[in-house]
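J.: The following file, target_24.txt, comprises compact mmCIF, C-alpha atoms:
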```txt
# COMPACT_ATOMS: atom_id res chain seq x y z
CA MET A 23 88.86 -64.69 -43.00
CA ASN A 24 86.33 -65.57 -45.62
CA ASN A 25 87.09 -68.04 -48.35
CA SER A 26 83.92 -69.47 -49.86
CA GLN A 27 85.92 -72.43 -51.15
CA ILE A 28 86.72 -73.49 -47.58
CA LYS A 29 83.81 -75.29 -45.94
CA ILE A 30 83.68 -75.81 -42.18
CA ILE A 31 81.04 -78.12 -40.73
CA GLU A 32 79.89 -77.01 -37.29
CA PRO A 33 77.92 -79.54 -35.23
CA SER A 34 75.32 -77.82 -33.08
CA LEU A 35 75.79 -78.63 -29.40
CA LEU A 36 72.06 -78.21 -28.94
CA ALA A 37 71.56 -81.51 -30.79
CA PHE A 38 73.64 -83.61 -28.38
CA TYR A 39 74.51 -81.81 -25.15
CA LYS A 40 72.10 -83.97 -23.13
CA ASP A 41 73.74 -87.21 -24.27
CA GLU A 42 75.27 -89.23 -21.44
CA ASP A 43 78.30 -89.95 -23.62
CA LEU A 44 78.91 -86.30 -24.48
CA VAL A 45 82.69 -86.51 -24.05
CA LEU A 46 82.85 -89.59 -26.28
CA LYS A 47 80.77 -87.80 -28.92
CA LEU A 48 83.16 -84.85 -28.83
CA ARG A 49 86.16 -87.14 -29.22
CA GLU A 50 84.47 -88.87 -32.14
CA LEU A 51 83.81 -85.54 -33.84
CA LYS A 52 87.40 -84.48 -33.29
CA GLN A 53 88.66 -87.68 -34.89
CA LEU A 54 86.39 -86.98 -37.88
CA GLY A 55 88.10 -83.64 -38.44
CA ILE A 56 85.55 -81.34 -36.80
CA THR A 57 87.26 -78.23 -35.42
CA ARG A 58 84.39 -75.92 -34.45
CA ILE A 59 81.19 -76.27 -32.40
CA HIS A 60 78.10 -74.09 -32.76
CA TYR A 61 76.88 -73.04 -29.31
CA ASP A 62 73.21 -71.98 -29.17
CA VAL A 63 72.19 -69.86 -26.18
CA MET A 64 68.49 -69.20 -25.60
CA ASP A 65 66.86 -67.14 -22.86
CA ASN A 66 63.23 -68.31 -23.16
CA THR A 67 62.36 -64.69 -24.05
CA TYR A 68 63.64 -63.94 -27.53
CA VAL A 69 62.68 -67.51 -28.39
CA PRO A 70 60.31 -69.74 -26.37
CA ASN A 71 63.03 -72.17 -25.37
CA PHE A 72 66.02 -72.43 -23.06
CA SER A 73 69.29 -74.26 -23.58
CA PHE A 74 72.45 -73.52 -21.58
CA THR A 75 74.80 -70.67 -20.77
CA THR A 76 78.54 -71.04 -20.25
CA GLU A 77 78.72 -74.46 -18.63
CA TYR A 78 80.03 -76.38 -21.66
CA ILE A 79 82.57 -73.86 -22.99
CA ASN A 80 85.56 -75.17 -21.03
CA LEU A 81 84.79 -78.77 -21.96
CA LEU A 82 84.71 -77.87 -25.65
CA LYS A 83 87.97 -75.94 -25.42
CA GLU A 84 89.65 -78.71 -23.42
CA ASN A 85 88.79 -81.05 -26.29
CA GLY A 86 90.37 -78.70 -28.81
CA PHE A 87 87.30 -77.10 -30.40
CA GLU A 88 86.73 -73.56 -31.49
CA VAL A 89 83.43 -72.23 -30.14
CA GLU A 90 80.95 -70.05 -32.02
CA VAL A 91 78.35 -68.61 -29.65
CA HIS A 92 74.91 -67.80 -31.08
CA LEU A 93 72.96 -65.58 -28.69
CA MET A 94 69.21 -66.01 -29.18
CA VAL A 95 68.52 -63.57 -26.35
CA ARG A 96 67.05 -60.13 -25.73
CA ASP A 97 69.62 -58.84 -23.25
CA VAL A 98 72.60 -59.03 -25.59
CA LYS A 99 74.92 -56.92 -23.40
CA LYS A 100 74.35 -59.18 -20.37
CA TYR A 101 75.12 -62.35 -22.30
CA TYR A 102 78.03 -60.81 -24.18
CA GLU A 103 79.64 -59.91 -20.86
CA MET A 104 78.83 -63.39 -19.52
CA PHE A 105 80.69 -65.11 -22.37
CA LEU A 106 83.55 -62.63 -22.80
CA PRO A 107 85.82 -64.19 -20.13
CA TYR A 108 85.67 -67.51 -22.02
CA GLN A 109 87.02 -65.89 -25.19
CA PRO A 110 84.89 -67.75 -27.75
CA ASN A 111 86.04 -67.60 -31.36
CA ALA A 112 82.92 -65.67 -32.37
CA ILE A 113 79.75 -64.24 -30.86
CA LEU A 114 76.64 -63.78 -32.98
CA PHE A 115 73.57 -61.84 -31.87
CA HIS A 116 70.20 -60.86 -33.31
CA PRO A 117 70.30 -57.11 -33.99
CA SER A 118 66.53 -56.80 -34.17
CA VAL A 119 66.34 -56.78 -30.35
CA LEU A 120 68.53 -53.65 -30.10
CA ASN A 121 68.42 -50.08 -31.31
CA ASP A 122 71.19 -48.70 -33.52
CA GLU A 123 73.15 -47.17 -30.64
CA GLN A 124 73.10 -50.45 -28.72
CA ILE A 125 74.23 -52.36 -31.81
CA LYS A 126 77.10 -49.94 -32.30
CA ASN A 127 78.15 -50.30 -28.65
CA ILE A 128 78.19 -54.12 -28.78
CA ILE A 129 80.26 -54.11 -31.96
CA GLU A 130 82.71 -51.57 -30.55
CA SER A 131 83.06 -53.59 -27.34
CA ALA A 132 83.78 -56.77 -29.28
CA ASN A 133 86.33 -55.09 -31.54
CA ASN A 134 88.08 -53.63 -28.50
CA ASP A 135 87.97 -57.01 -26.76
CA GLY A 136 89.35 -58.87 -29.79
CA ILE A 137 86.20 -60.95 -30.27
CA ASN A 138 84.87 -61.80 -33.72
CA ILE A 139 81.37 -60.34 -33.72
CA GLY A 140 78.47 -60.52 -36.11
CA PHE A 141 74.75 -60.63 -36.73
CA ALA A 142 72.43 -63.61 -36.68
CA ILE A 143 69.50 -63.04 -39.03
CA ASN A 144 66.29 -64.93 -38.32
CA THR A 145 64.01 -65.96 -41.18
CA SER A 146 61.53 -63.23 -40.16
CA GLU A 147 64.17 -60.48 -40.08
CA ASP A 148 65.40 -58.13 -42.81
CA TYR A 149 69.18 -57.72 -42.75
CA ASN A 150 69.24 -54.66 -45.02
CA HIS A 151 68.81 -52.18 -42.17
CA TYR A 152 72.00 -53.52 -40.57
CA LEU A 153 74.25 -53.28 -43.60
CA LYS A 154 75.58 -49.93 -42.33
CA PHE A 155 77.28 -51.87 -39.51
CA ILE A 156 78.60 -54.75 -41.59
CA LYS A 157 82.07 -53.32 -42.28
CA ASP A 158 82.78 -53.41 -38.54
CA THR A 159 81.77 -57.06 -38.13
CA ASN A 160 83.62 -60.27 -38.99
CA ILE A 161 80.86 -62.81 -39.46
CA ILE A 162 77.16 -63.14 -40.26
CA LEU A 163 74.75 -66.03 -39.75
CA PHE A 164 71.56 -66.70 -41.68
CA MET A 165 68.93 -68.92 -40.14
CA GLY A 166 67.46 -71.56 -42.39
CA VAL A 167 64.65 -72.15 -39.89
CA PRO A 168 62.90 -69.94 -37.32
CA ALA A 169 65.21 -69.59 -34.32
CA GLY A 170 64.59 -71.59 -31.16
CA PHE A 171 64.19 -75.25 -32.04
CA GLY A 172 66.20 -77.89 -33.84
CA GLY A 173 65.05 -80.45 -36.38
CA GLN A 174 62.95 -78.10 -38.53
CA ALA A 175 62.65 -78.18 -42.31
CA ILE A 176 64.60 -75.55 -44.24
CA ASN A 177 62.84 -72.27 -44.99
CA GLU A 178 63.09 -70.70 -48.45
CA ILE A 179 63.35 -67.20 -46.96
CA GLY A 180 66.58 -68.07 -45.20
CA ILE A 181 68.05 -69.32 -48.48
CA GLN A 182 67.01 -66.09 -50.22
CA HIS A 183 68.67 -64.03 -47.47
CA LEU A 184 71.88 -65.99 -47.92
CA HIS A 185 71.96 -65.68 -51.71
CA SER A 186 71.23 -61.96 -51.75
CA PHE A 187 73.79 -61.18 -49.04
CA LYS A 188 76.47 -63.20 -50.80
CA LYS A 189 75.94 -61.06 -53.90
CA TYR A 190 76.12 -57.92 -51.77
CA ALA A 191 79.34 -59.10 -50.11
CA PHE A 192 80.91 -59.90 -53.48
CA ASN A 193 79.87 -56.61 -55.07
CA ASN A 194 81.21 -54.64 -52.10
CA ASN A 195 84.40 -56.66 -51.67
CA LEU A 196 83.50 -57.61 -48.10
CA ASN A 197 85.78 -60.00 -46.23
CA ILE A 198 83.24 -61.64 -43.95
CA ASP A 199 82.54 -65.21 -42.88
CA ILE A 200 79.07 -66.46 -43.75
CA VAL A 201 77.31 -69.09 -41.63
CA PHE A 202 74.11 -70.94 -42.50
CA ASP A 203 72.20 -72.59 -39.67
CA GLY A 204 69.13 -74.79 -39.87
CA GLY A 205 67.47 -77.41 -42.03
CA ILE A 206 70.67 -78.67 -43.62
CA ASN A 207 71.01 -82.31 -44.62
CA ASN A 208 72.30 -84.34 -47.55
CA LYS A 209 69.34 -83.24 -49.68
CA THR A 210 69.37 -79.50 -48.89
CA ILE A 211 73.11 -78.81 -48.70
CA SER A 212 73.30 -78.05 -52.42
CA LEU A 213 70.91 -75.11 -51.92
CA ILE A 214 73.40 -73.17 -49.79
CA TYR A 215 76.79 -74.80 -50.37
CA ASN A 216 78.23 -72.19 -52.73
CA ASP A 217 77.29 -69.21 -50.56
CA ALA A 218 78.19 -70.23 -47.00
CA ASN A 219 81.61 -71.19 -45.72
CA TYR A 220 80.43 -72.28 -42.25
CA ILE A 221 77.61 -74.82 -42.23
CA VAL A 222 75.82 -75.69 -38.99
CA SER A 223 74.38 -79.17 -38.71
CA GLY A 224 72.43 -80.46 -35.74
CA SER A 225 69.90 -83.24 -36.08
CA TYR A 226 71.08 -84.55 -39.44
CA LEU A 227 74.71 -85.02 -38.41
CA MET A 228 74.30 -86.04 -34.79
CA LYS A 229 71.54 -88.56 -35.47
CA SER A 230 73.47 -90.19 -38.31
CA GLU A 231 74.79 -93.65 -37.54
CA ASN A 232 77.68 -93.05 -39.94
CA LYS A 233 78.87 -89.55 -39.12
CA LYS A 234 81.84 -89.67 -41.48
CA GLU A 235 79.49 -90.36 -44.37
CA ALA A 236 77.16 -87.58 -43.20
CA ILE A 237 80.06 -85.10 -43.02
CA ASP A 238 81.25 -86.12 -46.48
CA LYS A 239 77.75 -85.51 -47.86
CA LEU A 240 77.65 -82.06 -46.23
CA LEU A 241 81.00 -81.35 -47.86
CA MET A 242 79.51 -82.66 -51.13
CA LYS A 243 82.25 -85.24 -51.60
```
What is this file in C-alpha cells?
T.:
Amino acid sequence: MNNSQIKIIEPSLLAFYKDEDLVLKLRELKQLGITRIHYDVMDNTYVPNFSFTTEYINLLKENGFEVEVHLMVRDVKKYYEMFLPYQPNAILFHPSVLNDEQIKNIIESANNDGINIGFAINTSEDYNHYLKFIKDTNIILFMGVPAGFGGQAINEIGIQHLHSFKKYAFNNNLNIDIVFDGGINNKTISLIYNDANYIVSGSYLMKSENKKEAIDKLLMK
C-alpha cells in the first residue's frame, strides 16, 4: 500500500552478490533495518548483460528479506513462471517488450496468483501508453539510468517520468507503490525523495564504508 511518507531503502543485490562475504553483508543490512532487497534479473537480450535467476531467492528469504524481482528480460512469461514458485513480494517487468494482450495476460496471471505486479519503465520508454493497465497493478518502477548496468549517473528523463507519474497518481487517486532505481546517492536523493516510497540503492550504499550513515542520508535524516 502506497504511503509517500514511508520510505523503504532497497539495496540492489546486483551490487554485492559476487562478494565472498555475501551472508555477512546480508546480516549487516538486516541489523541496519533493511527489510527488502531489489533483485535484478537480466537475460543478455533485453539488456546486454546477464546477472542471475532464482539462485539467491531462498538465501534472501532465509535471512528475513522481502524480495522485489525486476525482470529486465524479453520473455516475460518464461521468467514470471520461473519466479512464481518462490513467491517474491513483487515482480516488475518492462511492458515495452510485450503487446497489449500479453501485458493483460501477465497482469491477470499475477493477480490470480496473488503476486504484486507492476511495470518497470526504462529511461527510453514512455509510460503513458500503459496507463490503461495501471489500475490492475500494485507497483511501478522508474529507472533513473538506462537499464542493464549499475554505477551510472542519474538521468534527468527518469526524474521527469517519476514527477509526472506522481502527479497522475495523485490526481487519479491511485493507490500504487512507486519505486525509483538508479543513480541515487546522498547528492541526488533530494531530486526524487518526495515522489518515490521505495528507493533502490546499489553502488552508493554497498560501497559505503559506513552503511548506517549512507542509509540515513538516503532517508534524508
J.: Go through A:Ser118, A:Gln124, A:Asn197, A:Asn207 one by one, measure the shortest atom-to-atom distance of each to Asn219 of chain A using all atoms listed in the file, and give the residue with the smallest value.
T.: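 Among the listed residues, A:Asn197 lies closest to Asn219 of chain A.
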J.: In Å, how far is it from atom CA of Ser73 of chain A to atom CA of Leu54 of chain A?
T.: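 Result for atom CA of Ser73 of chain A versus atom CA of Leu54 of chain A: 25.7 Å, one decimal.
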J.: Have a look at atom CA of Met228 of chain A and atom CA of Pro33 of chain A and let me know their distance in Å, one decimal.
T.: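 If I compute the distance from atom CA of Met228 of chain A to atom CA of Pro33 of chain A, I get 7.5 Å.
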J.: Quick one: everything within 8 Å of segment 101-115 of chain A, counting only C-alpha atoms, minus sequence neighbours fewer than 2 positions away in the same chain. Send it as a PyMOL selection string.
T.: chain A and resi 76+79-80+88-95+97-99+117+137-142+161-163
J.: List as a list in words the residues having at least one atom at most 7 Å from position (76.4, -50.4, -37.7) as given in the file, counting only C-alpha atoms.
T.: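 The requested residues, written out, are Asp122, Ile125, Lys126, Tyr152, Leu153, Lys154, Phe155 and Ile156 of chain A.
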J.: Using all atoms listed in the file, give me every residue within 9 Å of (76.6, -77.1, -49.6) in file coordinates, as a PyMOL selection string.
T.: chain A and resi 29+206+208+210-219+221+239-242
J.: For the residues in that selection, give me C-alpha atoms as a compact mmCIF listing (two decimals), keeping the file's coordinate frame.
T.:
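The resulting file, selection08.txt, is reproduced below:
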```txt
# COMPACT_ATOMS: atom_id res chain seq x y z
CA LYS A 29 83.81 -75.29 -45.94
CA ILE A 206 70.67 -78.67 -43.62
CA ASN A 208 72.30 -84.34 -47.55
CA THR A 210 69.37 -79.50 -48.89
CA ILE A 211 73.11 -78.81 -48.70
CA SER A 212 73.30 -78.05 -52.42
CA LEU A 213 70.91 -75.11 -51.92
CA ILE A 214 73.40 -73.17 -49.79
CA TYR A 215 76.79 -74.80 -50.37
CA ASN A 216 78.23 -72.19 -52.73
CA ASP A 217 77.29 -69.21 -50.56
CA ALA A 218 78.19 -70.23 -47.00
CA ASN A 219 81.61 -71.19 -45.72
CA ILE A 221 77.61 -74.82 -42.23
CA LYS A 239 77.75 -85.51 -47.86
CA LEU A 240 77.65 -82.06 -46.23
CA LEU A 241 81.00 -81.35 -47.86
CA MET A 242 79.51 -82.66 -51.13
```
J.: How many Å lie between atom CA of Asn150 of chain A and atom CA of Val119 of chain A, rounded to one decimal?
T.: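 The value is 15.1 Å.
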J.: Show me, as lines of an AutoDock Vina configuration file, the centre and edge lengths in Å to one decimal of the axis-aligned box that covers every listed atom of segment 220-238 of chain A with 5 Å on each side.
T.:
```
center_x = 75.9
center_y = -83.0
center_z = -40.6
size_x = 21.9
size_y = 31.4
size_z = 21.7
```
J.: Name the closest residue to Glu50 of chain A among the candidates A:Lys243, A:Asn232, A:Gly224, A:Ile28; distances are taken between atoms, counting all atoms listed in the file.
T.: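 That would be A:Asn232, the residue with the smallest distance to Glu50 of chain A.
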J.: Would you list the contacts of Ala169 of chain A as a count of residues only, taking every protein, DNA or RNA residue within 10 Å and counting all atoms listed in the file, but skipping same-chain residues closer than 2 positions in sequence?
T.: 20
J.: Find, counting only C-alpha atoms, the residue in A:His185, A:Lys100, A:His151, A:Arg58 that gets nearest to Asn121 of chain A.
T.: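 Looking at the shortest contact to Asn121 of chain A, the residue is A:His151.
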J.: Set the distance at 12 Å and use only C-alpha atoms: which residues neighbour Lys229 of chain A once local chain neighbours fewer than 5 positions away are removed? I'd like the list as a PyMOL selection string.
T.: chain A and resi 33-34+37-38+41+47+173+207+223-224+234+236-237
J.: For Val222 of chain A, which residue among A:Lys189, A:Lys83, A:His60, A:Arg96 is the nearest when counting all atoms listed in the file?
T.: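 Distance minimum relative to Val222 of chain A lands on A:His60.
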J.: Using only C-alpha atoms, which residue out of A:Tyr220, A:Tyr39, A:Tyr226, A:Tyr78 lies closest to Gly205 of chain A?
T.: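 The closest residue to Gly205 of chain A is A:Tyr226.
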J.: Using all atoms listed in the file for the distances, tell me which of A:Lys52, A:Lys40, A:His116, A:Lys157 is nearest to Asp199 of chain A.
T.: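 Between A:Lys52, A:Lys40, A:His116, A:Lys157, the residue approaching Asp199 of chain A most closely is A:Lys157.
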